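Chemist: Input my_file-v1.pdb, format and content: PDB, C-alpha atoms.
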```
ATOM      1  CA  MET A  10      63.613  53.862 -32.160
ATOM      2  CA  ASP A  11      66.923  52.054 -32.568
ATOM      3  CA  THR A  12      67.088  48.456 -31.594
ATOM      4  CA  THR A  13      70.224  46.632 -30.587
ATOM      5  CA  THR A  14      70.648  42.919 -31.027
ATOM      6  CA  ILE A  15      72.765  41.318 -28.324
ATOM      7  CA  GLN A  16      74.452  38.155 -29.391
ATOM      8  CA  SER A  17      76.081  35.952 -26.823
ATOM      9  CA  LYS A  18      79.357  34.273 -27.616
ATOM     10  CA  PRO A  19      78.694  30.644 -28.578
ATOM     11  CA  GLN A  20      79.949  28.083 -26.113
ATOM     12  CA  LEU A  21      81.488  24.781 -27.107
ATOM     13  CA  LEU A  22      79.756  21.985 -25.208
ATOM     14  CA  ARG A  23      80.946  18.493 -24.434
ATOM     15  CA  ARG A  24      78.421  15.701 -23.916
ATOM     16  CA  VAL A  25      79.357  13.889 -20.700
ATOM     17  CA  PHE A  26      77.807  10.734 -19.284
ATOM     18  CA  VAL A  27      77.362  11.493 -15.578
ATOM     19  CA  TRP A  28      74.590   9.487 -13.919
ATOM     20  CA  GLN A  29      74.787   5.731 -14.355
ATOM     21  CA  LEU A  30      71.616   3.663 -14.634
ATOM     22  CA  PRO A  31      71.722   2.410 -10.989
ATOM     23  CA  VAL A  32      71.929   6.018  -9.745
ATOM     24  CA  ARG A  33      68.956   7.019 -11.866
ATOM     25  CA  TYR A  34      66.942   4.022 -10.698
ATOM     26  CA  TYR A  35      67.810   4.843  -7.093
ATOM     27  CA  HIS A  36      66.768   8.481  -7.543
ATOM     28  CA  TRP A  37      63.298   7.781  -8.943
ATOM     29  CA  ILE A  38      62.560   4.831  -6.642
ATOM     30  CA  ASN A  39      63.588   6.988  -3.689
ATOM     31  CA  ALA A  40      61.406   9.881  -4.849
ATOM     32  CA  LEU A  41      58.380   7.582  -5.243
ATOM     33  CA  CYS A  42      58.959   5.993  -1.831
ATOM     34  CA  ILE A  43      59.210   9.388  -0.104
ATOM     35  CA  LEU A  44      55.986  10.498  -1.783
ATOM     36  CA  ILE A  45      54.126   7.356  -0.656
ATOM     37  CA  LEU A  46      55.644   7.335   2.838
ATOM     38  CA  THR A  47      54.784  11.007   3.380
ATOM     39  CA  GLY A  48      51.169  10.607   2.262
ATOM     40  CA  THR A  49      50.519   7.438   4.246
ATOM     41  CA  GLY A  50      52.520   8.772   7.197
ATOM     42  CA  PHE A  51      50.224  11.779   7.521
ATOM     43  CA  ILE A  52      47.216   9.456   7.649
ATOM     44  CA  ILE A  53      48.831   7.104  10.180
ATOM     45  CA  GLY A  54      49.894  10.011  12.405
ATOM     46  CA  ASP A  55      46.458  11.659  12.354
ATOM     47  CA  PRO A  56      43.854   9.195  11.034
ATOM     48  CA  PRO A  57      40.470  10.676  10.110
ATOM     49  CA  ALA A  58      37.366   9.389  11.875
ATOM     50  CA  LEU A  59      35.132   8.026   9.126
ATOM     51  CA  MET A  60      31.524   7.036   9.818
ATOM     52  CA  SER A  61      30.193   4.246   7.637
ATOM     53  CA  GLY A  62      27.378   1.729   7.639
ATOM     54  CA  LYS A  63      29.489  -0.931   5.914
ATOM     55  CA  GLU A  64      30.629  -4.128   7.546
ATOM     56  CA  ALA A  65      33.948  -3.991   9.403
ATOM     57  CA  TYR A  66      35.743  -6.171   6.833
ATOM     58  CA  ALA A  67      34.861  -3.616   4.132
ATOM     59  CA  ASN A  68      36.399  -0.755   6.112
ATOM     60  CA  TYR A  69      39.949  -2.020   6.341
ATOM     61  CA  TRP A  70      41.304   1.051   4.559
ATOM     62  CA  PHE A  71      43.526   2.064   7.510
ATOM     63  CA  GLY A  72      45.129  -1.381   7.622
ATOM     64  CA  THR A  73      45.747  -1.116   3.880
ATOM     65  CA  THR A  74      47.302   2.316   4.403
ATOM     66  CA  ARG A  75      49.671   0.922   7.033
ATOM     67  CA  PHE A  76      50.536  -2.018   4.778
ATOM     68  CA  ILE A  77      51.423   0.342   1.906
ATOM     69  CA  HIS A  78      53.523   2.423   4.319
ATOM     70  CA  PHE A  79      55.440  -0.646   5.514
ATOM     71  CA  VAL A  80      56.055  -1.973   1.983
ATOM     72  CA  ALA A  81      57.342   1.432   0.872
ATOM     73  CA  ALA A  82      59.544   1.555   3.983
ATOM     74  CA  TYR A  83      61.196  -1.771   3.103
ATOM     75  CA  ILE A  84      61.823  -0.612  -0.465
ATOM     76  CA  PHE A  85      63.159   2.708   0.823
ATOM     77  CA  LEU A  86      65.551   0.952   3.222
ATOM     78  CA  PHE A  87      67.033  -1.513   0.743
ATOM     79  CA  ASN A  88      67.201   1.133  -1.977
ATOM     80  CA  PHE A  89      69.154   3.332   0.455
ATOM     81  CA  LEU A  90      71.506   0.474   1.353
ATOM     82  CA  PHE A  91      72.118  -0.109  -2.353
ATOM     83  CA  ARG A  92      73.007   3.577  -2.815
ATOM     84  CA  ILE A  93      75.576   3.318  -0.023
ATOM     85  CA  TYR A  94      77.102   0.324  -1.819
ATOM     86  CA  TRP A  95      77.076   2.197  -5.131
ATOM     87  CA  GLY A  96      78.977   5.031  -3.463
ATOM     88  CA  PHE A  97      81.940   2.632  -3.510
ATOM     89  CA  ALA A  98      81.180   0.659  -6.692
ATOM     90  CA  GLY A  99      79.914   3.431  -8.987
ATOM     91  CA  ASN A 100      81.727   5.922 -11.187
ATOM     92  CA  HIS A 101      83.460   9.133 -10.095
ATOM     93  CA  PHE A 102      80.238  11.149  -9.940
ATOM     94  CA  ALA A 103      78.502   8.620  -7.656
ATOM     95  CA  ASN A 104      81.475   8.177  -5.325
ATOM     96  CA  TRP A 105      81.040   8.866  -1.605
ATOM     97  CA  ARG A 106      83.906  11.414  -1.711
ATOM     98  CA  ASN A 107      81.561  13.817  -3.526
ATOM     99  CA  PHE A 108      79.379  13.950  -0.411
ATOM    100  CA  VAL A 109      81.683  13.657   2.600
ATOM    101  CA  PRO A 110      83.970  16.650   3.385
ATOM    102  CA  THR A 111      87.415  15.066   3.549
ATOM    103  CA  ASN A 112      89.770  18.015   2.987
ATOM    104  CA  LYS A 113      90.118  21.797   2.999
ATOM    105  CA  LYS A 114      89.588  22.045  -0.760
ATOM    106  CA  PHE A 115      86.067  20.633  -0.334
ATOM    107  CA  PHE A 116      85.077  23.566   1.913
ATOM    108  CA  GLN A 117      86.792  26.119  -0.345
ATOM    109  CA  GLU A 118      84.831  24.918  -3.365
ATOM    110  CA  MET A 119      81.651  24.838  -1.294
ATOM    111  CA  TRP A 120      82.200  28.472  -0.260
ATOM    112  CA  ARG A 121      82.599  29.487  -3.924
ATOM    113  CA  VAL A 122      79.262  27.822  -4.726
ATOM    114  CA  ILE A 123      77.621  29.745  -1.869
ATOM    115  CA  GLN A 124      79.075  33.011  -3.194
ATOM    116  CA  VAL A 125      77.702  32.340  -6.692
ATOM    117  CA  ASP A 126      74.314  30.734  -5.966
ATOM    118  CA  ILE A 127      73.264  32.344  -2.677
ATOM    119  CA  PHE A 128      75.125  35.604  -2.037
ATOM    120  CA  MET A 129      75.640  36.329  -5.777
ATOM    121  CA  THR A 130      78.943  38.063  -5.037
ATOM    122  CA  ARG A 131      80.791  36.062  -7.702
ATOM    123  CA  LYS A 132      79.864  35.650 -11.355
ATOM    124  CA  GLU A 133      82.233  32.816 -12.186
ATOM    125  CA  GLU A 134      80.601  29.405 -11.996
ATOM    126  CA  GLU A 135      82.218  26.535 -10.132
ATOM    127  CA  GLY A 136      81.794  24.264 -13.133
ATOM    128  CA  ALA A 137      81.016  21.031 -11.290
ATOM    129  CA  ILE A 138      80.019  18.264 -13.667
ATOM    130  CA  GLY A 139      78.232  16.100 -11.105
ATOM    131  CA  HIS A 140      77.129  17.501  -7.753
ATOM    132  CA  ASN A 141      78.805  20.707  -6.646
ATOM    133  CA  ARG A 142      80.320  20.677  -3.164
ATOM    134  CA  LEU A 143      77.412  22.440  -1.469
ATOM    135  CA  ALA A 144      74.918  20.021  -2.980
ATOM    136  CA  GLY A 145      77.159  17.119  -1.998
ATOM    137  CA  LEU A 146      77.249  18.196   1.652
ATOM    138  CA  ILE A 147      73.476  18.705   1.713
ATOM    139  CA  TYR A 148      72.967  15.216   0.259
ATOM    140  CA  PHE A 149      75.274  13.834   2.937
ATOM    141  CA  ILE A 150      73.090  15.447   5.620
ATOM    142  CA  ILE A 151      69.978  14.059   3.924
ATOM    143  CA  PHE A 152      71.559  10.602   3.830
ATOM    144  CA  MET A 153      72.057  10.875   7.592
ATOM    145  CA  ALA A 154      68.384  11.825   7.898
ATOM    146  CA  PHE A 155      67.497   8.785   5.766
ATOM    147  CA  ALA A 156      69.376   6.582   8.230
ATOM    148  CA  ILE A 157      67.597   8.169  11.208
ATOM    149  CA  GLN A 158      64.237   7.782   9.487
ATOM    150  CA  CYS A 159      64.891   4.082   8.843
ATOM    151  CA  LEU A 160      66.002   3.516  12.444
ATOM    152  CA  THR A 161      63.046   5.327  13.985
ATOM    153  CA  GLY A 162      60.522   3.814  11.567
ATOM    154  CA  PHE A 163      61.617   0.227  12.068
ATOM    155  CA  GLY A 164      62.085   0.933  15.782
ATOM    156  CA  LEU A 165      58.377   1.791  15.952
ATOM    157  CA  TYR A 166      57.469  -1.186  13.774
ATOM    158  CA  ALA A 167      59.429  -3.620  15.990
ATOM    159  CA  ALA A 168      56.878  -3.279  18.813
ATOM    160  CA  MET A 169      54.049  -4.591  16.602
ATOM    161  CA  SER A 170      55.802  -7.212  14.476
ATOM    162  CA  ASP A 171      56.773 -10.820  15.106
ATOM    163  CA  TRP A 172      59.103 -11.072  12.108
ATOM    164  CA  TRP A 173      62.829 -11.321  12.811
ATOM    165  CA  PHE A 174      63.887  -8.354  10.674
ATOM    166  CA  PRO A 175      61.881  -5.604  12.443
ATOM    167  CA  ASN A 176      62.862  -7.187  15.769
ATOM    168  CA  LEU A 177      66.459  -6.328  14.969
ATOM    169  CA  PHE A 178      65.464  -2.736  15.828
ATOM    170  CA  THR A 179      64.012  -3.330  19.307
ATOM    171  CA  TRP A 180      66.983  -1.460  20.816
ATOM    172  CA  VAL A 181      66.103   1.789  19.011
ATOM    173  CA  ALA A 182      63.157   2.899  21.192
ATOM    174  CA  PRO A 183      65.112   2.798  24.496
ATOM    175  CA  LEU A 184      68.021   4.597  22.808
ATOM    176  CA  PHE A 185      65.790   7.512  21.772
ATOM    177  CA  GLY A 186      63.872   7.651  25.054
ATOM    178  CA  GLY A 187      60.777   5.619  24.210
ATOM    179  CA  ASP A 188      58.134   5.406  21.501
ATOM    180  CA  PHE A 189      56.840   8.951  22.007
ATOM    181  CA  MET A 190      60.193  10.577  21.228
ATOM    182  CA  LEU A 191      60.732   8.054  18.449
ATOM    183  CA  ARG A 192      57.493   9.179  16.774
ATOM    184  CA  GLN A 193      58.436  12.844  17.188
ATOM    185  CA  ILE A 194      61.833  12.361  15.526
ATOM    186  CA  HIS A 195      60.233  10.284  12.770
ATOM    187  CA  HIS A 196      57.723  13.092  12.177
ATOM    188  CA  TRP A 197      60.350  15.869  12.202
ATOM    189  CA  ALA A 198      62.503  13.978   9.701
ATOM    190  CA  MET A 199      59.497  13.738   7.387
ATOM    191  CA  TRP A 200      59.184  17.532   7.348
ATOM    192  CA  LEU A 201      62.908  17.786   6.588
ATOM    193  CA  PHE A 202      62.326  15.636   3.495
ATOM    194  CA  ILE A 203      59.376  17.799   2.432
ATOM    195  CA  LEU A 204      61.479  20.959   2.740
ATOM    196  CA  PHE A 205      64.430  19.344   0.953
ATOM    197  CA  THR A 206      62.198  18.150  -1.899
ATOM    198  CA  ALA A 207      60.754  21.616  -2.465
ATOM    199  CA  VAL A 208      64.203  23.254  -2.556
ATOM    200  CA  HIS A 209      65.690  20.412  -4.618
ATOM    201  CA  VAL A 210      63.019  20.634  -7.346
ATOM    202  CA  TYR A 211      63.339  24.426  -7.482
ATOM    203  CA  LEU A 212      67.141  24.332  -7.825
ATOM    204  CA  VAL A 213      67.033  21.646 -10.521
ATOM    205  CA  PHE A 214      64.718  23.765 -12.663
ATOM    206  CA  TYR A 215      66.707  26.931 -11.822
ATOM    207  CA  HIS A 216      70.085  25.493 -12.827
ATOM    208  CA  ASP A 217      68.584  23.845 -15.888
ATOM    209  CA  TYR A 218      67.249  27.215 -17.026
ATOM    210  CA  VAL A 219      70.293  29.328 -16.110
ATOM    211  CA  GLU A 220      73.095  26.953 -17.124
ATOM    212  CA  GLY A 221      71.371  24.962 -19.873
ATOM    213  CA  ARG A 222      73.388  21.816 -19.161
ATOM    214  CA  GLY A 223      70.511  19.351 -19.191
ATOM    215  CA  GLU A 224      70.248  19.173 -15.416
ATOM    216  CA  LEU A 225      66.650  17.980 -15.553
ATOM    217  CA  SER A 226      66.993  15.467 -18.391
ATOM    218  CA  SER A 227      70.268  14.067 -17.022
ATOM    219  CA  MET A 228      68.399  12.083 -14.376
ATOM    220  CA  ALA A 229      66.436  10.402 -17.176
ATOM    221  CA  GLY A 230      69.182   9.740 -19.721
ATOM    222  CA  GLY A 231      72.347  10.243 -17.676
ATOM    223  CA  TRP A 232      73.976  12.842 -19.969
ATOM    224  CA  LYS A 233      74.937  16.457 -19.293
ATOM    225  CA  PHE A 234      76.303  19.160 -21.581
ATOM    226  CA  ILE A 235      79.321  20.898 -20.057
ATOM    227  CA  GLU A 236      81.141  23.950 -21.412
ATOM    228  CA  GLU A 237      84.524  23.080 -22.873
ATOM    229  CA  LYS A 238      86.207  25.829 -20.824
ATOM    230  CA  PHE A 239      85.743  23.870 -17.615
ATOM    231  CA  PHE A 240      87.734  20.959 -18.993
ATOM    232  CA  HIS A 241      90.612  23.258 -19.968
ATOM    233  CA  LYS A 242      90.844  24.430 -16.321
ATOM    234  CA  LYS A 243      91.525  20.922 -15.069
TER     235      LYS A 243
END
```
Would you mind writing the structure in this file as structure tokens?
Modeler:
Amino acid sequence: MDTTTIQSKPQLLRRVFVWQLPVRYYHWINALCILILTGTGFIIGDPPALMSGKEAYANYWFGTTRFIHFVAAYIFLFNFLFRIYWGFAGNHFANWRNFVPTNKKFFQEMWRVIQVDIFMTRKEEEGAIGHNRLAGLIYFIIFMAFAIQCLTGFGLYAAMSDWWFPNLFTWVAPLFGGDFMLRQIHHWAMWLFILFTAVHVYLVFYHDYVEGRGELSSMAGGWKFIEEKFFHKK
């Protein structure tokens, strides 16, 4: 039996520093906060009934769970506010213009990404060094969900806190139609984050395998490896 060896044409790669240290810190702090908030949120939303013969002071696990949820919420909020600031202070790849559709070209490039990644009707890659346009728009939607989650969460917390900061959100519950609707929106947003996380992790591994640009390691070290041909197009 004859065997044929297929050799691919070698590609010249350029090492590009994409994700600055603040962006990487934000990413991993945000991921940890979402993980903690989701786990504790499930318990707070549907607490299990545990029977125990211990004294009441030894069974304060639910209060501890709520405390962890609130601490993670504060970190999540201020980490998110920092990322908004870094959208103006960071480098080109962290800039807010990569996420907000501001012109017709943004949608044209986004459509090309959809044709390549989803419909598979085009073979030519878009060649985005940072986020491609489709990813940028999805992150923009997620950022809006982050804002809603912060508003609804602190809106619920305002009713049970005497501190001045949570009380800044007392107007949120009436705006959304009361605490019941506030809890529903807060819960729905949590499921949006769960769905986004699953798709996000899959696509990171997929693009890392298919493109070989260091997509996965770039969020640890900040560097990507981009084909030289994409720089010649610019």
Chemist: Applying the PyMOL selection byres ((chain A and resi 207-223) around 9) to the file I just gave you, which residues come out? Please list them as a PyMOL selection string.
Modeler: chain A and resi 22+202-206+224-228+232-236
Chemist: Taking only C-alpha atoms into account, name the residue in A:Ala167, A:Leu146, A:Cys159, A:Val32 that is nearest to Thr111 of chain A.
Modeler: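 Closest to Thr111 of chain A, using only C-alpha atoms: A:Leu146.
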Chemist: Quick one: residues within 12 Å of Leu86 of chain A, all atoms listed in the file, excluding same-chain residues fewer than 2 positions away - as a PyMOL selection string?
Modeler: chain A and resi 35+38-39+42-43+46+79-84+88-93+152+155-163+175
Chemist: Can you work out which one of A:Phe97, A:Ala154, A:Phe108, A:Gly230 has the shortest atom-to-atom distance to Ala198 of chain A, counting only C-alpha atoms?
Modeler: A:Ala154
Chemist: Between atom CA of Phe26 of chain A and atom CA of Leu143 of chain A, what is the distance, to one decimal in Å?
Modeler: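 For atom CA of Phe26 of chain A relative to atom CA of Leu143 of chain A, the distance reads 21.3 Å.
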Chemist: Tell me which of A:Ile77, A:Ile138, A:Ile127, A:Ile150 sits closest to Thr47 of chain A, counting all atoms listed in the file.
Modeler: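 Closest candidate: A:Ile77.
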Chemist: What would the selection look like, as a count of residues only, if the PyMOL selection byres ((chain A and resi 179) around 12) were run on the coordinates I just shared?
Modeler: 28
Chemist: Can you tell me how far atom CA of Gln29 of chain A sits from atom CA of Pro110 of chain A, in Å to one decimal?
Modeler: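 Interatomic distance here is 22.8 Å.
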Chemist: Any idea what the distance is between atom CA of Gly231 of chain A and atom CA of Trp28 of chain A?
Modeler: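 Taking atom CA of Gly231 of chain A and atom CA of Trp28 of chain A, their separation equals 4.4 Å.
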Chemist: Can you sort out the box for segment 215-224 of chain A, edges along x, y and z, all listed atoms in, 5 Å on every side, with centre and edge lengths in Å to one decimal, as AutoDock Vina command-line options?
Modeler:
```
--center_x 70.0 --center_y 24.3 --center_z -15.8 --size_x 16.7 --size_y 20.2 --size_z 18.1
```
Chemist: Measuring between only C-alpha atoms, which one of A:Arg142, A:Trp200, A:Pro31, A:Tyr69 shows the shortest distance to Ala98 of chain A?
Modeler: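 When distances to Ala98 of chain A are compared using only C-alpha atoms, the smallest one comes from A:Pro31.
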Chemist: Here is a test: counting all atoms listed in the file, which residue of A:Phe71, A:Gln117, A:Trp105, A:Val27 is nearest to Asp55 of chain A?
Modeler: A:Phe71
Chemist: Let me make sure I understand: among A:Ala137, A:Ala40, A:Ile45, A:Ile123, which one has the smallest atom-to-atom distance to Val25 of chain A if we use all atoms listed in the file?
Modeler: A:Ala137
Chemist: Would you pick out the contacts of Asn141 of chain A at 10 Å or less, using all atoms listed in the file, so that residues sharing its chain but fewer than 3 positions from it are not included, and give the list as a VMD selection string?
Modeler: chain A and resid 107 to 108 115 118 to 119 121 to 122 135 to 138 144 to 146
